[in-house]
file entry-v7.pdb (PDB, C-alpha atoms, pLDDT in the B column)
ATOM      1  CA  MET D  16      32.965  77.026  65.280  1.00 59.00           C
ATOM      2  CA  LYS D  17      36.785  77.113  65.443  1.00 59.00           C
ATOM      3  CA  LYS D  18      36.959  74.616  62.573  1.00 58.00           C
ATOM      4  CA  LEU D  19      34.659  76.793  60.466  1.00 51.00           C
ATOM      5  CA  ILE D  20      36.820  79.893  61.050  1.00 55.00           C
ATOM      6  CA  PHE D  21      39.975  77.872  60.305  1.00 48.00           C
ATOM      7  CA  VAL D  22      38.511  76.487  57.026  1.00 44.00           C
ATOM      8  CA  ALA D  23      37.377  79.988  56.007  1.00 47.00           C
ATOM      9  CA  ALA D  24      40.869  81.385  56.702  1.00 48.00           C
ATOM     10  CA  VAL D  25      42.553  78.601  54.710  1.00 45.00           C
ATOM     11  CA  LEU D  26      40.178  79.080  51.772  1.00 49.00           C
ATOM     12  CA  THR D  27      40.843  82.838  51.829  1.00 54.00           C
ATOM     13  CA  VAL D  28      44.615  82.287  51.711  1.00 48.00           C
ATOM     14  CA  VAL D  29      44.275  79.708  48.899  1.00 45.00           C
ATOM     15  CA  ALA D  30      42.023  82.049  46.888  1.00 52.00           C
ATOM     16  CA  PHE D  31      44.501  84.900  47.365  1.00 54.00           C
ATOM     17  CA  VAL D  32      47.474  82.769  46.235  1.00 47.00           C
ATOM     18  CA  PHE D  33      45.683  81.442  43.140  1.00 51.00           C
ATOM     19  CA  GLY D  34      44.457  84.950  42.318  1.00 52.00           C
ATOM     20  CA  ALA D  35      48.016  86.301  42.512  1.00 47.00           C
ATOM     21  CA  ILE D  36      49.277  83.506  40.246  1.00 48.00           C
ATOM     22  CA  ALA D  37      46.513  84.117  37.689  1.00 50.00           C
ATOM     23  CA  VAL D  38      47.366  87.826  37.417  1.00 50.00           C
ATOM     24  CA  GLN D  39      51.006  87.328  36.398  1.00 49.00           C
ATOM     25  CA  PRO D  40      51.886  89.940  33.769  1.00 53.00           C
ATOM     26  CA  ALA D  41      52.662  88.872  30.229  1.00 52.00           C
ATOM     27  CA  PRO D  42      56.278  89.263  29.055  1.00 52.00           C
ATOM     28  CA  ALA D  43      57.124  92.778  27.929  1.00 57.00           C
ATOM     29  CA  ALA D  44      56.748  93.468  24.218  1.00 58.00           C
ATOM     30  CA  ASP D  45      60.461  94.194  23.982  1.00 68.00           C
ATOM     31  CA  SER D  46      61.492  90.850  25.547  1.00 87.00           C
ATOM     32  CA  TRP D  47      63.905  88.850  23.437  1.00 93.00           C
ATOM     33  CA  TYR D  48      65.777  85.584  23.716  1.00 96.00           C
ATOM     34  CA  ALA D  49      68.922  84.104  22.175  1.00 96.00           C
ATOM     35  CA  ALA D  50      69.887  80.665  20.903  1.00 96.00           C
ATOM     36  CA  VAL D  51      72.951  79.039  19.328  1.00 96.00           C
ATOM     37  CA  GLY D  52      72.757  75.925  17.207  1.00 96.00           C
ATOM     38  CA  VAL D  53      72.640  74.362  13.766  1.00 97.00           C
ATOM     39  CA  LEU D  54      70.250  75.034  10.873  1.00 97.00           C
ATOM     40  CA  GLU D  55      68.473  71.748  10.106  1.00 97.00           C
ATOM     41  CA  LYS D  56      65.724  72.454   7.538  1.00 98.00           C
ATOM     42  CA  ILE D  57      64.652  75.461   5.454  1.00 98.00           C
ATOM     43  CA  ASP D  58      61.161  76.328   4.189  1.00 97.00           C
ATOM     44  CA  ALA D  59      61.964  78.990   1.577  1.00 96.00           C
ATOM     45  CA  ALA D  60      58.311  79.584   0.644  1.00 96.00           C
ATOM     46  CA  ALA D  61      57.351  80.428   4.234  1.00 96.00           C
ATOM     47  CA  LYS D  62      60.719  82.054   5.009  1.00 97.00           C
ATOM     48  CA  ALA D  63      60.948  79.814   8.057  1.00 97.00           C
ATOM     49  CA  PHE D  64      63.409  77.199   9.275  1.00 98.00           C
ATOM     50  CA  GLU D  65      64.000  74.444  11.791  1.00 97.00           C
ATOM     51  CA  PHE D  66      66.937  74.832  14.094  1.00 95.00           C
ATOM     52  CA  LYS D  67      68.670  72.542  16.593  1.00 97.00           C
ATOM     53  CA  LYS D  68      69.387  74.633  19.691  1.00 95.00           C
ATOM     54  CA  ILE D  69      72.501  73.370  21.483  1.00 93.00           C
ATOM     55  CA  VAL D  70      73.120  74.092  25.168  1.00 93.00           C
ATOM     56  CA  LYS D  71      76.012  72.786  27.286  1.00 89.00           C
ATOM     57  CA  PRO D  72      75.384  73.599  30.961  1.00 90.00           C
ATOM     58  CA  GLU D  73      78.469  74.740  32.865  1.00 91.00           C
ATOM     59  CA  GLY D  74      80.248  72.065  34.838  1.00 90.00           C
ATOM     60  CA  THR D  75      78.809  69.186  32.814  1.00 89.00           C
ATOM     61  CA  LYS D  76      79.790  67.192  29.765  1.00 88.00           C
ATOM     62  CA  LYS D  77      76.130  66.768  28.833  1.00 92.00           C
ATOM     63  CA  VAL D  78      74.811  68.589  25.762  1.00 92.00           C
ATOM     64  CA  ILE D  79      71.112  69.439  25.529  1.00 93.00           C
ATOM     65  CA  GLU D  80      69.666  69.635  22.011  1.00 95.00           C
ATOM     66  CA  THR D  81      66.218  71.089  21.352  1.00 96.00           C
ATOM     67  CA  MET D  82      64.491  71.468  17.989  1.00 97.00           C
ATOM     68  CA  MET D  83      62.926  74.882  17.393  1.00 97.00           C
ATOM     69  CA  THR D  84      61.062  76.436  14.478  1.00 97.00           C
ATOM     70  CA  PHE D  85      61.626  80.077  13.540  1.00 98.00           C
ATOM     71  CA  ALA D  86      59.754  82.420  11.240  1.00 97.00           C
ATOM     72  CA  THR D  87      61.343  85.498   9.707  1.00 97.00           C
ATOM     73  CA  ASP D  88      59.824  88.774   8.579  1.00 95.00           C
ATOM     74  CA  ASP D  89      60.925  91.885   6.693  1.00 93.00           C
ATOM     75  CA  LYS D  90      62.647  93.198   9.843  1.00 95.00           C
ATOM     76  CA  THR D  91      64.823  90.092  10.396  1.00 97.00           C
ATOM     77  CA  LYS D  92      68.490  91.009  10.080  1.00 97.00           C
ATOM     78  CA  ILE D  93      70.680  88.271   8.547  1.00 97.00           C
ATOM     79  CA  PHE D  94      74.422  88.806   8.563  1.00 96.00           C
ATOM     80  CA  MET D  95      77.913  87.374   8.932  1.00 95.00           C
ATOM     81  CA  LEU D  96      80.880  89.044  10.609  1.00 91.00           C
ATOM     82  CA  GLY D  97      83.690  89.668   8.167  1.00 84.00           C
ATOM     83  CA  GLU D  98      87.107  91.243   8.497  1.00 80.00           C
ATOM     84  CA  LYS D  99      87.555  93.490  11.524  1.00 81.00           C
ATOM     85  CA  LYS D 100      84.173  92.296  12.836  1.00 84.00           C
ATOM     86  CA  LYS D 101      82.371  94.293  10.130  1.00 89.00           C
ATOM     87  CA  GLU D 102      78.843  93.022   9.436  1.00 92.00           C
ATOM     88  CA  LYS D 103      78.206  91.653   5.967  1.00 93.00           C
ATOM     89  CA  LYS D 104      74.474  91.905   5.235  1.00 95.00           C
ATOM     90  CA  LEU D 105      72.944  88.708   3.834  1.00 96.00           C
ATOM     91  CA  SER D 106      69.483  87.492   2.827  1.00 95.00           C
ATOM     92  CA  PHE D 107      67.282  84.492   3.630  1.00 97.00           C
ATOM     93  CA  ALA D 108      68.595  82.822   0.453  1.00 96.00           C
ATOM     94  CA  ASP D 109      72.094  82.733   2.033  1.00 96.00           C
ATOM     95  CA  LEU D 110      70.928  80.361   4.782  1.00 97.00           C
ATOM     96  CA  LYS D 111      72.077  76.751   4.233  1.00 97.00           C
ATOM     97  CA  THR D 112      71.469  73.607   6.259  1.00 97.00           C
ATOM     98  CA  GLY D 113      74.378  72.707   8.510  1.00 96.00           C
ATOM     99  CA  GLN D 114      75.321  76.324   9.247  1.00 97.00           C
ATOM    100  CA  THR D 115      75.966  77.353  12.839  1.00 96.00           C
ATOM    101  CA  LEU D 116      73.702  80.263  13.761  1.00 97.00           C
ATOM    102  CA  TRP D 117      73.385  82.739  16.627  1.00 97.00           C
ATOM    103  CA  ILE D 118      69.749  83.858  16.728  1.00 97.00           C
ATOM    104  CA  THR D 119      67.982  86.547  18.720  1.00 97.00           C
ATOM    105  CA  TYR D 120      64.211  86.181  18.684  1.00 97.00           C
ATOM    106  CA  ARG D 121      60.925  87.160  20.239  1.00 97.00           C
ATOM    107  CA  ILE D 122      57.872  85.042  20.906  1.00 95.00           C
ATOM    108  CA  GLU D 123      54.705  86.365  19.313  1.00 93.00           C
ATOM    109  CA  GLY D 124      51.440  84.461  19.334  1.00 93.00           C
ATOM    110  CA  GLY D 125      53.282  81.282  20.328  1.00 93.00           C
ATOM    111  CA  LYS D 126      55.690  81.546  17.362  1.00 95.00           C
ATOM    112  CA  ASN D 127      59.440  82.200  17.455  1.00 97.00           C
ATOM    113  CA  ILE D 128      60.139  85.248  15.266  1.00 97.00           C
ATOM    114  CA  ALA D 129      63.816  85.771  14.418  1.00 97.00           C
ATOM    115  CA  LEU D 130      65.021  89.318  15.065  1.00 97.00           C
ATOM    116  CA  SER D 131      68.599  88.700  13.929  1.00 97.00           C
ATOM    117  CA  ILE D 132      70.470  85.721  12.516  1.00 97.00           C
ATOM    118  CA  GLU D 133      74.252  85.683  12.603  1.00 97.00           C
ATOM    119  CA  ILE D 134      75.857  82.986  10.469  1.00 96.00           C
ATOM    120  CA  ARG D 135      78.906  81.786  12.396  1.00 93.00           C
ATOM    121  CA  PRO D 136      82.040  80.260  10.842  1.00 86.00           C
ATOM    122  CA  GLN D 137      82.200  76.459  11.017  1.00 76.00           C
TER
END

call {"tool": "encode", "arguments": {"input": "entry-v7.pdb", "output": "structure tokens"}}
result
Amino acid sequence: MKKLIFVAAVLTVVAFVFGAIAVQPAPAADSWYAAVGVLEKIDAAAKAFEFKKIVKPEGTKKVIETMMTFATDDKTKIFMLGEKKKEKKLSFADLKTGQTLWITYRIEGGKNIALSIEIRPQ
């Protein structure tokens, strides 16, 4: 009888834990992320591009490179900082492979959608 009560209690706790994990809320609609790296490949027809995200964790000499694909839309802001940090508005056609980019993006339907793309000086 004690074993039966113990098994029932354990199963209740396990069910509660898995239920709590399954009900995790989705990220907020206004969640955004940022990445710095190099533009590798451009798909002008789709207004999308491949990007090598570069991360160097503090305290290490190791560099982590990750390939990412980004889509753009009519709301994507593309710019470069000019004199006195004034933004110079650019278009998708101004993107060139090899450029260093600072990208803010959101994830929508499993796709990375660029919110803003800053072209950084080499």

call {"tool": "closest_residue", "arguments": {"input": "entry-v7.pdb", "among": "D:Leu105, D:Leu110, D:Ile122, D:Leu96", "to": "Glu65 in chain D", "atoms": "only C-alpha atoms"}}
result
D:Leu110

call {"tool": "closest_residue", "arguments": {"input": "entry-v7.pdb", "among": "D:Ala63, D:Ala108, D:Ile132, D:Val53", "to": "Phe85 in chain D", "atoms": "all atoms listed in the file"}}
result
D:Ala63

call {"tool": "resolve_selection", "arguments": {"input": "entry-v7.pdb", "expression": "the PyMOL selection byres ((chain D and resi 83) around 7)", "output": "list in words"}}
result
Glu65, Phe66, Lys67, Lys68, Thr81, Met82, Thr84 and Phe85 of chain D

call {"tool": "closest_residue", "arguments": {"input": "entry-v7.pdb", "among": "D:Thr91, D:Gln114, D:Ser106, D:Thr75", "to": "Gln137 in chain D", "atoms": "all atoms listed in the file"}}
result
D:Gln114

call {"tool": "resolve_selection", "arguments": {"input": "entry-v7.pdb", "expression": "the PyMOL selection byres ((chain D and resi 124-131) around 8)", "output": "JSON, numbers by chain"}}
result
{"D": [84, 85, 86, 87, 88, 90, 91, 92, 93, 94, 118, 119, 120, 121, 122, 123, 132, 133]}

call {"tool": "atom_distance", "arguments": {"input": "entry-v7.pdb", "atom1": "CA of Asp89 in chain D", "atom2": "CA of Ile57 in chain D"}}
result
16.9 Å

call {"tool": "atom_distance", "arguments": {"input": "entry-v7.pdb", "atom1": "CA of Leu116 in chain D", "atom2": "CA of Ile69 in chain D"}}
result
10.4 Å

call {"tool": "atom_distance", "arguments": {"input": "entry-v7.pdb", "atom1": "CA of Ala50 in chain D", "atom2": "CA of Phe64 in chain D"}}
result
13.8 Å

call {"tool": "resolve_selection", "arguments": {"input": "entry-v7.pdb", "expression": "the PyMOL selection byres ((chain D and resi 70) around 8)", "output": "PyMOL selection string"}}
result
chain D and resi 51+68-69+71-72+78-80

call {"tool": "closest_residue", "arguments": {"input": "entry-v7.pdb", "among": "D:Leu54, D:Ser46, D:Gly74, D:Ala59", "to": "Phe107 in chain D", "atoms": "all atoms listed in the file"}}
result
D:Ala59
